[in-house]
Amino acid sequence: MQKKRVVFSYPQHLVEQPVITRLVKDFDLTVNILRARITPKEQGRLVLEMTGKRSNLEAGINYIKELGVEIQSLAQDVKWHEDRCTHCTACISICRTRALDVDRSTMEVSFNRDKCIACELCIPVCPYQAMEILF
Ligand code: SF4
Ligand code: SF4
């Protein structure tokens, strides 16, 4: 089994299509919606975690792309501005996935994109706007 965290951007005409249902039924994938947002222009934006066999994941993603849904890795939409980070550690206890973590020996904060689920909890607690979610 493999997991993949991705961001789907739906064009307006696909917002009401049962795209996720097809992924579950036709490709035997488990789909966990981490975030969902519809923009004022009615473009859909979903952050998903998909789990399944590698071949099914690839087939499901190809199906989605052929429909016209833009797909990108979640990592591309979450930014840690290291130059702004003062390693104050205010975000550490709020980050449930430990994507933001601190090395207790050096007190240096680091960010692991692969663990981030784009929950946005760190955004309001960071006094230096070092975390940015781009959607
Ligand atoms: S968005 Fe959520 S998971 Fe990602 S770094 Fe911030 S608190 Fe952690
Ligand atoms: S709250 Fe902001 S400045 Fe402080 S450690 Fe976290 S990312 Fe860095």
# chains A, B, ... in the order shown; residues from 1 in each chain; ligands from 1
call {"tool": "closest_atom_pairs", "arguments": {"of": "region 54-120 of chain A", "to": "region 19-24 of chain A", "cutoff": "10 Å", "atoms": "only C-alpha atoms", "output": "JSON lines"}}
result
{"residue": "A:Asn56", "atom": "CA", "partner": "A:Leu23", "partner_atom": "CA", "distance": 9.1}
{"residue": "A:Leu57", "atom": "CA", "partner": "A:Leu23", "partner_atom": "CA", "distance": 8.9}
{"residue": "A:Ala59", "atom": "CA", "partner": "A:Leu23", "partner_atom": "CA", "distance": 9.4}
{"residue": "A:Gly60", "atom": "CA", "partner": "A:Leu23", "partner_atom": "CA", "distance": 6.0}
{"residue": "A:Ile61", "atom": "CA", "partner": "A:Leu23", "partner_atom": "CA", "distance": 8.7}
{"residue": "A:Tyr63", "atom": "CA", "partner": "A:Leu23", "partner_atom": "CA", "distance": 8.5}
{"residue": "A:Ile64", "atom": "CA", "partner": "A:Val19", "partner_atom": "CA", "distance": 7.6}
{"residue": "A:Leu67", "atom": "CA", "partner": "A:Val19", "partner_atom": "CA", "distance": 9.0}
{"residue": "A:Val69", "atom": "CA", "partner": "A:Val19", "partner_atom": "CA", "distance": 9.6}
call {"tool": "residues_near_ligand", "arguments": {"ligand": "ligand 1", "cutoff": "9 Å", "atoms": "only C-alpha atoms and all ligand atoms", "output": "JSON, numbers by chain"}}
result
{"A": [78, 79, 80, 91, 92, 93, 94, 95, 96, 97, 98, 99, 100, 101, 111, 112, 113, 115, 116, 117, 118, 119, 120, 121, 122, 123, 131, 132, 133]}
call {"tool": "write_last_selection", "arguments": {"atoms": "C-alpha atoms", "output": "CSV table (one decimal), in the first residue's frame"}}
result
chain,number,residue,atom,x,y,z
A,78,VAL,CA,3.2,24.6,1.9
A,79,LYS,CA,6.2,26.9,2.4
A,80,TRP,CA,8.4,27.3,5.4
A,91,CYS,CA,4.6,26.4,16.5
A,92,ILE,CA,6.1,23.2,17.8
A,93,SER,CA,3.4,22.1,20.2
A,94,ILE,CA,0.6,23.1,17.8
A,95,CYS,CA,1.8,20.9,14.9
A,96,ARG,CA,0.2,17.6,15.5
A,97,THR,CA,2.1,15.7,12.7
A,98,ARG,CA,5.5,17.0,13.8
A,99,ALA,CA,6.1,18.5,10.4
A,100,LEU,CA,7.5,21.3,12.4
A,101,ASP,CA,9.9,20.0,15.0
A,111,PHE,CA,10.2,21.6,8.7
A,112,ASN,CA,9.4,18.3,7.0
A,113,ARG,CA,7.1,18.8,4.1
A,115,LYS,CA,4.6,15.2,7.3
A,116,CYS,CA,2.6,18.4,6.7
A,117,ILE,CA,-1.2,18.0,6.2
A,118,ALA,CA,-1.7,21.8,5.5
A,119,CYS,CA,-4.0,22.1,8.5
A,120,GLU,CA,-3.0,25.8,8.9
A,121,LEU,CA,-2.7,25.6,12.7
A,122,CYS,CA,0.8,27.0,12.6
A,123,ILE,CA,-0.1,30.1,10.6
A,131,MET,CA,4.7,29.5,7.4
A,132,GLU,CA,2.7,30.0,4.3
A,133,ILE,CA,0.0,27.9,2.7
call {"tool": "residues_near_ligand", "arguments": {"ligand": "ligand 2", "cutoff": "6 Å", "atoms": "only C-alpha atoms and all ligand atoms", "output": "ChimeraX atom specification"}}
result
/A:85-91,109,125-128,130-131
call {"tool": "atom_distance", "arguments": {"atom1": "CA of Pro11 (chain A)", "atom2": "CA of Lys65 (chain A)"}}
result
11.6 Å
call {"tool": "select_by_dssp", "arguments": {"residues": "chain A", "states": "strand (DSSP E or B)", "output": "PyMOL selection string"}}
result
chain A and resi 2-10+30-38+44-52+70-73+78-80+100-103+108-111+131-133
call {"tool": "residues_around", "arguments": {"residues": "Gly44 (chain A)", "least_positions_apart": "6", "cutoff": "9 Å", "atoms": "only C-alpha atoms", "output": "JSON, numbers by chain"}}
result
{"A": [8, 9, 10, 11, 12, 14, 15, 36, 37, 38]}
call {"tool": "write_last_selection", "arguments": {"atoms": "C-alpha atoms", "output": "tab-separated table (two decimals), in the first residue's frame"}}
result
chain	number	residue	atom	x	y	z
A	8	PHE	CA	-6.57	18.79	-6.74
A	9	SER	CA	-7.63	21.97	-8.54
A	10	TYR	CA	-10.98	21.49	-10.24
A	11	PRO	CA	-12.16	23.62	-13.09
A	12	GLN	CA	-15.65	25.02	-12.59
A	14	LEU	CA	-16.11	19.51	-12.61
A	15	VAL	CA	-16.97	20.83	-9.15
A	36	ALA	CA	-11.54	21.55	0.86
A	37	ARG	CA	-12.07	25.01	-0.51
A	38	ILE	CA	-14.22	26.49	-3.25
call {"tool": "closest_residue", "arguments": {"among": "A:Arg104, A:Gln2, A:Gln129, A:Gln72", "to": "Thr30 (chain A)", "atoms": "only C-alpha atoms"}}
result
A:Gln2
call {"tool": "select_by_dssp", "arguments": {"residues": "region 8-134 of chain A", "states": "alpha helix (DSSP H)", "output": "list in words"}}
result
Val19, Ile20, Thr21, Arg22, Leu23, Val24, Lys25, Asp26, Phe27, Arg54, Ser55, Asn56, Leu57, Glu58, Ala59, Gly60, Ile61, Asn62, Tyr63, Ile64, Lys65, Glu66, Leu67, Cys122, Ile123, Pro124 and Val125 of chain A
